[in-house]
Each structure stands twice: as structure tokens, then as C-alpha cells.
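Each remark here refers to the structure printed beneath this line.
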Amino acid sequence: MTKTTGYRTSPFSTNRRMVSASAAVGRSQNNIQALTEVDITEPLRIINEHKQKTGERLSLTAYIVTCLARAIAKHPHLNAIRKGSRLILLDEVSIGVVVEREIDGEIVPENMGVQAAQRKTYQQICDQIREAQEQQGEDMGALSDITWVRFIPSFLFRLFIRLASKNLWMIKRFGAVGVTAVGMFCPRNQATWMIPLVGGATVALAIGGIVDRPCIKDGQLELRSHLCLTFTFNHDIVDGAPAARFLTHFSELLSSGELLFAETDTATEGKRPGVRIDPGSTQ
């Protein structure tokens, strides 16, 4: 390449082709979106006080995943996938969390699965996510022991993703629920919402920016920190009213900050993992 061309080229890597295929599959899904803001003043206060006392910075993303898992467990009809004329309802809540990793010198997003997330503490989920983020220089799929994915020809990526979104082994591992934390790259007080292309998830959450809003609290005007969130629901499975009830429950749980130091949810302990099939559903 000469200096007079005015541009340079680089290969469109296998990792980027996999991301592109996932986005293409997501465009074909019948999705509805909900853009909302949740007051996270209290959890942020707890996180900041903990850092001042101990020097440890707690992960807001892990806290959101913890709250999401507990909320999904209380609304089990969202923890499902469609296979033809049947709905497969999962007993365990697994959540796929997208993390950025450096692979062969390239920064790429990769999905990791948090299995049985509704039975894990915040600290357990935090440790799992941070361990995944620290892994570098490994093949795509290393986070979930599916490194063989790199041997799939690029022209079959879309077919693989479509099949994986209906495969029970993959769903149990990565979940019907997904989270991407793009908000960590947004400047504070920049209200930002992202609408992701969902590759097969029934419920997907995109975490946006944090912005301070003037609010009336106990009769007093004060600035409250609000988190911008975008939820995407597969409309084949989830209707608007159930989605709204779920959002209300999730928002209240997230705002409270109570799960930052909560132990395992005893109401879900001992539950045998598996799936249930709704044979009467035609959705």
C-alpha cells in the first residue's frame, strides 16, 4: 500500500463476522422496546460509602444483573423460549452478559453465561463478571468453553446463531435473558439509551448512561441519579402488560439497593434445574 492512496485496509475478522451475524438474526425477531429511567441514588450511595470505607469499588453492572435475575424469577413467563408451537419455560434463570475482551489484538464483545443467577449473591455474580473481563488473548468462545465456534465457516454463522437460540443446552448455558452494559462508556450526566439488535434473547437489557434529575423527595427538591435503561422483549412471547408489570418490579428492586449485600434468595434454593413445556401455546 502506498502513502498516496489516502486510506488503509484491515481484514474483517472472524470475530467481527460473528458479531455481524448476531445482529442480522436480531433484526428478524419480533421485538418491542421500553425506554425507561430508574432512580439509583440509594445503590450509588451504598457503593460510594463502601469504596470510602474499604477502597473496594463495587460493580454497578453486577448489581443490575443480580436485580434482573431476581425479578425474572418472580415473572417466570419471561424466562422462556419459543420452539414452533410450544413454549419452553426454564426453571433456572441464566443471564448472558456481554463483556469486552481483547482477542488477537482486537477488542470484541463476547457473551458469558451466569447460570442460576437468581440463586447467586451479588458478590458471586460480581466475581464471575470481573474474572471474565480480565481474560485476554484467548480464542472467541473461551468464556463459555465453546472455542470450537471459530471453526464454523463464516457463511454459516447466521444459521448457527438461529439454531443456538432454540437449543436447550445453549439456552441453559447463556439464558433467555441478556445484558449489555454500554453505559459504562458514557460520561456522567449524559442521558444515553442504546437499542441493541438482540440475537435470539426473549428479554434483553441495554444499560445506558447515568444522569442527575431534579426531583421532589419527601417534599424537598433534590438531584437524584437516574439510570437510562432500554429493555427489548420478544413480542412472540411477551406482551406489553406483563412487560410493564415486570419493569415496575425490577425498577423498585433496583432502586432499593437491598441486594448489594443480600444473601442467597432462600425462596429459590434447592429448586431442581430443568425446563417445562407448555404444549398448549401456539405463540
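By order of appearance in the C-alpha cells: chains A, B, ..., then residues from 1 within every chain, and ligands from 1 in the order shown.
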
Quick one: residues within 12 Å of A:Met194, only C-alpha atoms, excluding same-chain residues fewer than 3 positions away - as a PDB file with N, CA and C atoms, in the first residue's frame?
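The resulting part-v7.pdb:
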```pdb
ATOM      1  N   GLN A  33     -39.756  -2.552  22.419  1.00  0.00           N
ATOM      2  CA  GLN A  33     -38.783  -1.915  23.311  1.00  0.00           C
ATOM      3  C   GLN A  33     -39.469  -1.044  24.350  1.00  0.00           C
ATOM      4  N   ALA A  34     -38.818  -0.909  25.477  1.00  0.00           N
ATOM      5  CA  ALA A  34     -39.244   0.005  26.532  1.00  0.00           C
ATOM      6  C   ALA A  34     -38.032   0.795  26.996  1.00  0.00           C
ATOM      7  N   LEU A  35     -38.095   2.114  26.865  1.00  0.00           N
ATOM      8  CA  LEU A  35     -37.033   3.001  27.344  1.00  0.00           C
ATOM      9  C   LEU A  35     -37.490   3.627  28.650  1.00  0.00           C
ATOM     10  N   THR A  36     -36.662   3.503  29.671  1.00  0.00           N
ATOM     11  CA  THR A  36     -37.063   3.984  30.984  1.00  0.00           C
ATOM     12  C   THR A  36     -35.864   4.530  31.742  1.00  0.00           C
ATOM     13  N   VAL A 179     -27.801  -9.119  28.833  1.00  0.00           N
ATOM     14  CA  VAL A 179     -27.462  -7.787  29.329  1.00  0.00           C
ATOM     15  C   VAL A 179     -26.223  -7.282  28.600  1.00  0.00           C
ATOM     16  N   THR A 180     -26.273  -6.035  28.158  1.00  0.00           N
ATOM     17  CA  THR A 180     -25.086  -5.374  27.631  1.00  0.00           C
ATOM     18  C   THR A 180     -24.918  -4.043  28.358  1.00  0.00           C
ATOM     19  N   ALA A 181     -23.742  -3.802  28.893  1.00  0.00           N
ATOM     20  CA  ALA A 181     -23.510  -2.645  29.767  1.00  0.00           C
ATOM     21  C   ALA A 181     -22.750  -1.561  29.029  1.00  0.00           C
ATOM     22  N   VAL A 182     -23.363  -1.018  27.976  1.00  0.00           N
ATOM     23  CA  VAL A 182     -22.689   0.029  27.203  1.00  0.00           C
ATOM     24  C   VAL A 182     -22.574   1.324  27.997  1.00  0.00           C
ATOM     25  N   GLY A 183     -23.394   1.473  29.047  1.00  0.00           N
ATOM     26  CA  GLY A 183     -23.404   2.708  29.812  1.00  0.00           C
ATOM     27  C   GLY A 183     -22.105   3.013  30.520  1.00  0.00           C
ATOM     28  N   PHE A 185     -19.353   3.315  29.349  1.00  0.00           N
ATOM     29  CA  PHE A 185     -18.517   4.162  28.500  1.00  0.00           C
ATOM     30  C   PHE A 185     -19.131   5.548  28.286  1.00  0.00           C
ATOM     31  N   CYS A 186     -20.295   5.812  28.892  1.00  0.00           N
ATOM     32  CA  CYS A 186     -20.967   7.100  28.731  1.00  0.00           C
ATOM     33  C   CYS A 186     -20.513   8.070  29.818  1.00  0.00           C
ATOM     34  N   ALA A 191     -27.458  11.704  29.205  1.00  0.00           N
ATOM     35  CA  ALA A 191     -28.572  10.765  29.098  1.00  0.00           C
ATOM     36  C   ALA A 191     -28.450   9.990  27.789  1.00  0.00           C
ATOM     37  N   LEU A 197     -29.448  -4.733  18.815  1.00  0.00           N
ATOM     38  CA  LEU A 197     -30.011  -5.777  17.959  1.00  0.00           C
ATOM     39  C   LEU A 197     -29.850  -7.102  18.703  1.00  0.00           C
ATOM     40  N   VAL A 198     -30.969  -7.667  19.121  1.00  0.00           N
ATOM     41  CA  VAL A 198     -30.951  -8.831  20.004  1.00  0.00           C
ATOM     42  C   VAL A 198     -30.905 -10.111  19.174  1.00  0.00           C
ATOM     43  N   ALA A 204     -33.930  -8.616  26.775  1.00  0.00           N
ATOM     44  CA  ALA A 204     -32.573  -8.058  26.707  1.00  0.00           C
ATOM     45  C   ALA A 204     -32.573  -6.679  27.335  1.00  0.00           C
ATOM     46  N   LEU A 205     -31.524  -6.401  28.097  1.00  0.00           N
ATOM     47  CA  LEU A 205     -31.375  -5.112  28.772  1.00  0.00           C
ATOM     48  C   LEU A 205     -30.096  -4.441  28.310  1.00  0.00           C
ATOM     49  N   ALA A 206     -30.225  -3.213  27.814  1.00  0.00           N
ATOM     50  CA  ALA A 206     -29.066  -2.387  27.472  1.00  0.00           C
ATOM     51  C   ALA A 206     -28.951  -1.286  28.514  1.00  0.00           C
ATOM     52  N   ILE A 207     -27.846  -1.274  29.255  1.00  0.00           N
ATOM     53  CA  ILE A 207     -27.618  -0.292  30.308  1.00  0.00           C
ATOM     54  C   ILE A 207     -26.997   0.951  29.690  1.00  0.00           C
ATOM     55  N   GLY A 208     -27.655   2.099  29.881  1.00  0.00           N
ATOM     56  CA  GLY A 208     -27.185   3.348  29.307  1.00  0.00           C
ATOM     57  C   GLY A 208     -26.465   4.223  30.314  1.00  0.00           C
ATOM     58  N   GLY A 209     -26.572   5.524  30.139  1.00  0.00           N
ATOM     59  CA  GLY A 209     -25.851   6.465  30.976  1.00  0.00           C
ATOM     60  C   GLY A 209     -26.585   6.803  32.266  1.00  0.00           C
ATOM     61  N   CYS A 228     -30.381   5.284  32.734  1.00  0.00           N
ATOM     62  CA  CYS A 228     -31.119   5.097  31.487  1.00  0.00           C
ATOM     63  C   CYS A 228     -31.050   3.620  31.063  1.00  0.00           C
ATOM     64  N   LEU A 229     -32.199   3.031  30.849  1.00  0.00           N
ATOM     65  CA  LEU A 229     -32.269   1.604  30.509  1.00  0.00           C
ATOM     66  C   LEU A 229     -33.161   1.387  29.293  1.00  0.00           C
ATOM     67  N   THR A 230     -32.767   0.438  28.452  1.00  0.00           N
ATOM     68  CA  THR A 230     -33.601   0.009  27.337  1.00  0.00           C
ATOM     69  C   THR A 230     -33.852  -1.484  27.460  1.00  0.00           C
ATOM     70  N   PHE A 231     -35.112  -1.863  27.554  1.00  0.00           N
ATOM     71  CA  PHE A 231     -35.498  -3.267  27.563  1.00  0.00           C
ATOM     72  C   PHE A 231     -36.055  -3.644  26.196  1.00  0.00           C
ATOM     73  N   THR A 232     -35.656  -4.807  25.730  1.00  0.00           N
ATOM     74  CA  THR A 232     -36.191  -5.369  24.496  1.00  0.00           C
ATOM     75  C   THR A 232     -36.846  -6.702  24.829  1.00  0.00           C
TER      76      THR A 232
END
```

Exercise for the section: For A:Phe233, please output as a PyMOL selection string all residues within 10 Å (counting only C-alpha atoms; exclusion window: fewer than 5 positions along the same chain). Expected result: chain A and resi 29-34+78+177+198+201-205+238-240+243

Could the residues in this selection be saved with C-alpha atoms as a compact mmCIF listing (two decimals), in the first residue's frame?
```txt
# COMPACT_ATOMS: atom_id res chain seq x y z
CA GLN A 29 -37.08 -11.10 15.64
CA ASN A 30 -40.45 -9.53 16.53
CA ASN A 31 -39.29 -7.19 19.28
CA ILE A 32 -40.84 -4.42 21.33
CA GLN A 33 -38.78 -1.92 23.31
CA ALA A 34 -39.24 0.01 26.53
CA LEU A 78 -40.44 -14.17 30.70
CA VAL A 177 -32.15 -13.08 29.11
CA VAL A 198 -30.95 -8.83 20.00
CA ALA A 201 -32.96 -13.36 23.58
CA THR A 202 -36.51 -13.18 24.96
CA VAL A 203 -35.58 -10.30 27.29
CA ALA A 204 -32.57 -8.06 26.71
CA LEU A 205 -31.37 -5.11 28.77
CA VAL A 238 -44.07 -11.28 25.99
CA ASP A 239 -46.98 -8.84 25.70
CA GLY A 240 -46.93 -5.21 26.78
CA ALA A 243 -43.64 -6.48 30.40
```

Problem - DSSP-assigned strand (DSSP E) members of stretch 44-176 of chain A, reported as an NGL selection string - result: :A and (80-83 or 86-90 or 95-103 or 106-114)

Write out, as a JSON list (two decimals), in the first residue's frame, the residues just selected, with N, CA and C atoms.
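This went into result.json:
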```json
[["chain", "number", "residue", "atom", "x", "y", "z"],
["A", 80, "ALA", "N", -38.39, -17.79, 29.06],
["A", 80, "ALA", "CA", -38.88, -18.82, 28.16],
["A", 80, "ALA", "C", -38.36, -18.58, 26.75],
["A", 81, "ILE", "N", -38.42, -19.64, 25.94],
["A", 81, "ILE", "CA", -38.12, -19.53, 24.51],
["A", 81, "ILE", "C", -39.23, -20.22, 23.74],
["A", 82, "ARG", "N", -39.35, -19.87, 22.49],
["A", 82, "ARG", "CA", -40.35, -20.50, 21.62],
["A", 82, "ARG", "C", -39.69, -21.54, 20.74],
["A", 83, "LYS", "N", -40.31, -22.72, 20.67],
["A", 83, "LYS", "CA", -39.89, -23.75, 19.71],
["A", 83, "LYS", "C", -41.13, -24.20, 18.96],
["A", 86, "ARG", "N", -44.67, -24.51, 20.69],
["A", 86, "ARG", "CA", -44.52, -24.73, 22.12],
["A", 86, "ARG", "C", -43.68, -23.63, 22.75],
["A", 87, "LEU", "N", -43.95, -23.37, 24.03],
["A", 87, "LEU", "CA", -43.09, -22.51, 24.83],
["A", 87, "LEU", "C", -42.32, -23.39, 25.80],
["A", 88, "ILE", "N", -41.02, -23.18, 25.86],
["A", 88, "ILE", "CA", -40.16, -23.87, 26.81],
["A", 88, "ILE", "C", -39.87, -22.91, 27.95],
["A", 89, "LEU", "N", -40.38, -23.22, 29.15],
["A", 89, "LEU", "CA", -40.19, -22.35, 30.31],
["A", 89, "LEU", "C", -39.07, -22.91, 31.18],
["A", 90, "LEU", "N", -38.05, -22.11, 31.38],
["A", 90, "LEU", "CA", -36.85, -22.54, 32.10],
["A", 90, "LEU", "C", -37.04, -22.39, 33.61],
["A", 95, "ILE", "N", -28.36, -15.78, 32.72],
["A", 95, "ILE", "CA", -28.30, -14.47, 32.06],
["A", 95, "ILE", "C", -27.01, -14.36, 31.27],
["A", 96, "GLY", "N", -27.14, -14.02, 30.01],
["A", 96, "GLY", "CA", -25.97, -13.78, 29.17],
["A", 96, "GLY", "C", -25.52, -12.34, 29.30],
["A", 97, "VAL", "N", -24.28, -12.14, 29.71],
["A", 97, "VAL", "CA", -23.73, -10.80, 29.92],
["A", 97, "VAL", "C", -22.63, -10.56, 28.88],
["A", 98, "VAL", "N", -22.76, -9.49, 28.12],
["A", 98, "VAL", "CA", -21.76, -9.16, 27.11],
["A", 98, "VAL", "C", -20.62, -8.40, 27.78],
["A", 99, "VAL", "N", -19.40, -8.90, 27.62],
["A", 99, "VAL", "CA", -18.22, -8.22, 28.14],
["A", 99, "VAL", "C", -17.25, -7.98, 26.99],
["A", 100, "GLU", "N", -16.46, -6.92, 27.12],
["A", 100, "GLU", "CA", -15.45, -6.63, 26.12],
["A", 100, "GLU", "C", -14.17, -7.37, 26.45],
["A", 101, "ARG", "N", -13.59, -8.02, 25.43],
["A", 101, "ARG", "CA", -12.33, -8.72, 25.62],
["A", 101, "ARG", "C", -11.40, -8.41, 24.46],
["A", 102, "GLU", "N", -10.10, -8.49, 24.74],
["A", 102, "GLU", "CA", -9.11, -8.33, 23.69],
["A", 102, "GLU", "C", -8.69, -9.71, 23.19],
["A", 103, "ILE", "N", -8.95, -9.98, 21.93],
["A", 103, "ILE", "CA", -8.61, -11.26, 21.32],
["A", 103, "ILE", "C", -7.76, -10.99, 20.09],
["A", 106, "GLU", "N", -7.55, -7.43, 19.07],
["A", 106, "GLU", "CA", -8.81, -6.79, 18.67],
["A", 106, "GLU", "C", -9.78, -6.79, 19.85],
["A", 107, "ILE", "N", -10.43, -5.65, 20.09],
["A", 107, "ILE", "CA", -11.43, -5.55, 21.15],
["A", 107, "ILE", "C", -12.77, -6.01, 20.58],
["A", 108, "VAL", "N", -13.33, -7.07, 21.15],
["A", 108, "VAL", "CA", -14.59, -7.61, 20.65],
["A", 108, "VAL", "C", -15.53, -7.90, 21.83],
["A", 109, "PRO", "N", -16.83, -7.81, 21.59],
["A", 109, "PRO", "CA", -17.79, -8.20, 22.63],
["A", 109, "PRO", "C", -17.99, -9.71, 22.62],
["A", 110, "GLU", "N", -18.04, -10.30, 23.81],
["A", 110, "GLU", "CA", -18.30, -11.74, 23.89],
["A", 110, "GLU", "C", -19.31, -12.02, 25.00],
["A", 111, "ASN", "N", -20.15, -12.98, 24.75],
["A", 111, "ASN", "CA", -21.21, -13.33, 25.69],
["A", 111, "ASN", "C", -20.70, -14.36, 26.69],
["A", 112, "MET", "N", -20.98, -14.10, 27.98],
["A", 112, "MET", "CA", -20.69, -15.08, 29.02],
["A", 112, "MET", "C", -21.99, -15.39, 29.74],
["A", 113, "GLY", "N", -22.14, -16.61, 30.21],
["A", 113, "GLY", "CA", -23.37, -17.01, 30.85],
["A", 113, "GLY", "C", -23.24, -17.06, 32.37],
["A", 114, "VAL", "N", -24.17, -16.42, 33.07],
["A", 114, "VAL", "CA", -24.26, -16.51, 34.53],
["A", 114, "VAL", "C", -25.41, -17.46, 34.85]]
```

Practice task
List every residue of stretch 5-230 of chain A that DSSP, applied to the backbone of this structure, assigns to alpha helix (DSSP H), and report them as a ChimeraX atom specification.
Solution key: /A:14-27,41-54,60-74,122-134,157-164,168-174

Practice task
Write out as a list in words each polymer residue whose atoms come within 9 Å of A:Asn48, counting only C-alpha atoms; drop sequence neighbours fewer than 4 positions from it.
Solution key: Pro43, Leu44, Gln52, Lys53, Arg57 and Leu58 of chain A

Store the residues picked out above in a file with C-alpha atoms, as a PDB file, in the first residue's frame.
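New file selection22.pdb:
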```pdb
ATOM      1  CA  PRO A  43     -27.486   1.979  45.478  1.00  0.00           C
ATOM      2  CA  LEU A  44     -24.939   4.564  44.294  1.00  0.00           C
ATOM      3  CA  GLN A  52     -14.659   5.208  51.004  1.00  0.00           C
ATOM      4  CA  LYS A  53     -14.566   2.725  53.876  1.00  0.00           C
ATOM      5  CA  ARG A  57     -15.221  -0.405  44.043  1.00  0.00           C
ATOM      6  CA  LEU A  58     -18.426  -2.402  43.751  1.00  0.00           C
TER       7      LEU A  58
END
```

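Atom CA of A:Gln124 lies 22.4 Å from atom CA of A:His75.
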
Exercise for the section: Can you work out the spacing between atom CA of A:Ala24 and atom CA of A:Asn234 in Å, to one decimal? Expected result: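 Separating atom CA of A:Ala24 from atom CA of A:Asn234 is a distance of 15.3 Å.
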
Exercise for the section: Would you work out the distance separating atom CA of A:Gln190 from atom CA of A:Val211, expressed in Å to one decimal? Expected result: 5.9 Å

Completion exercise
One residue among A:Leu168, A:Ala117, A:Ile47, A:Ala73 is nearest to A:Phe246 when using only C-alpha atoms, and that residue is A:Ala73

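Of the listed residues (A:Ala164, A:Gln133, A:Leu253, A:Phe157), A:Phe157 comes nearest to A:Arg16; the distances count only C-alpha atoms.
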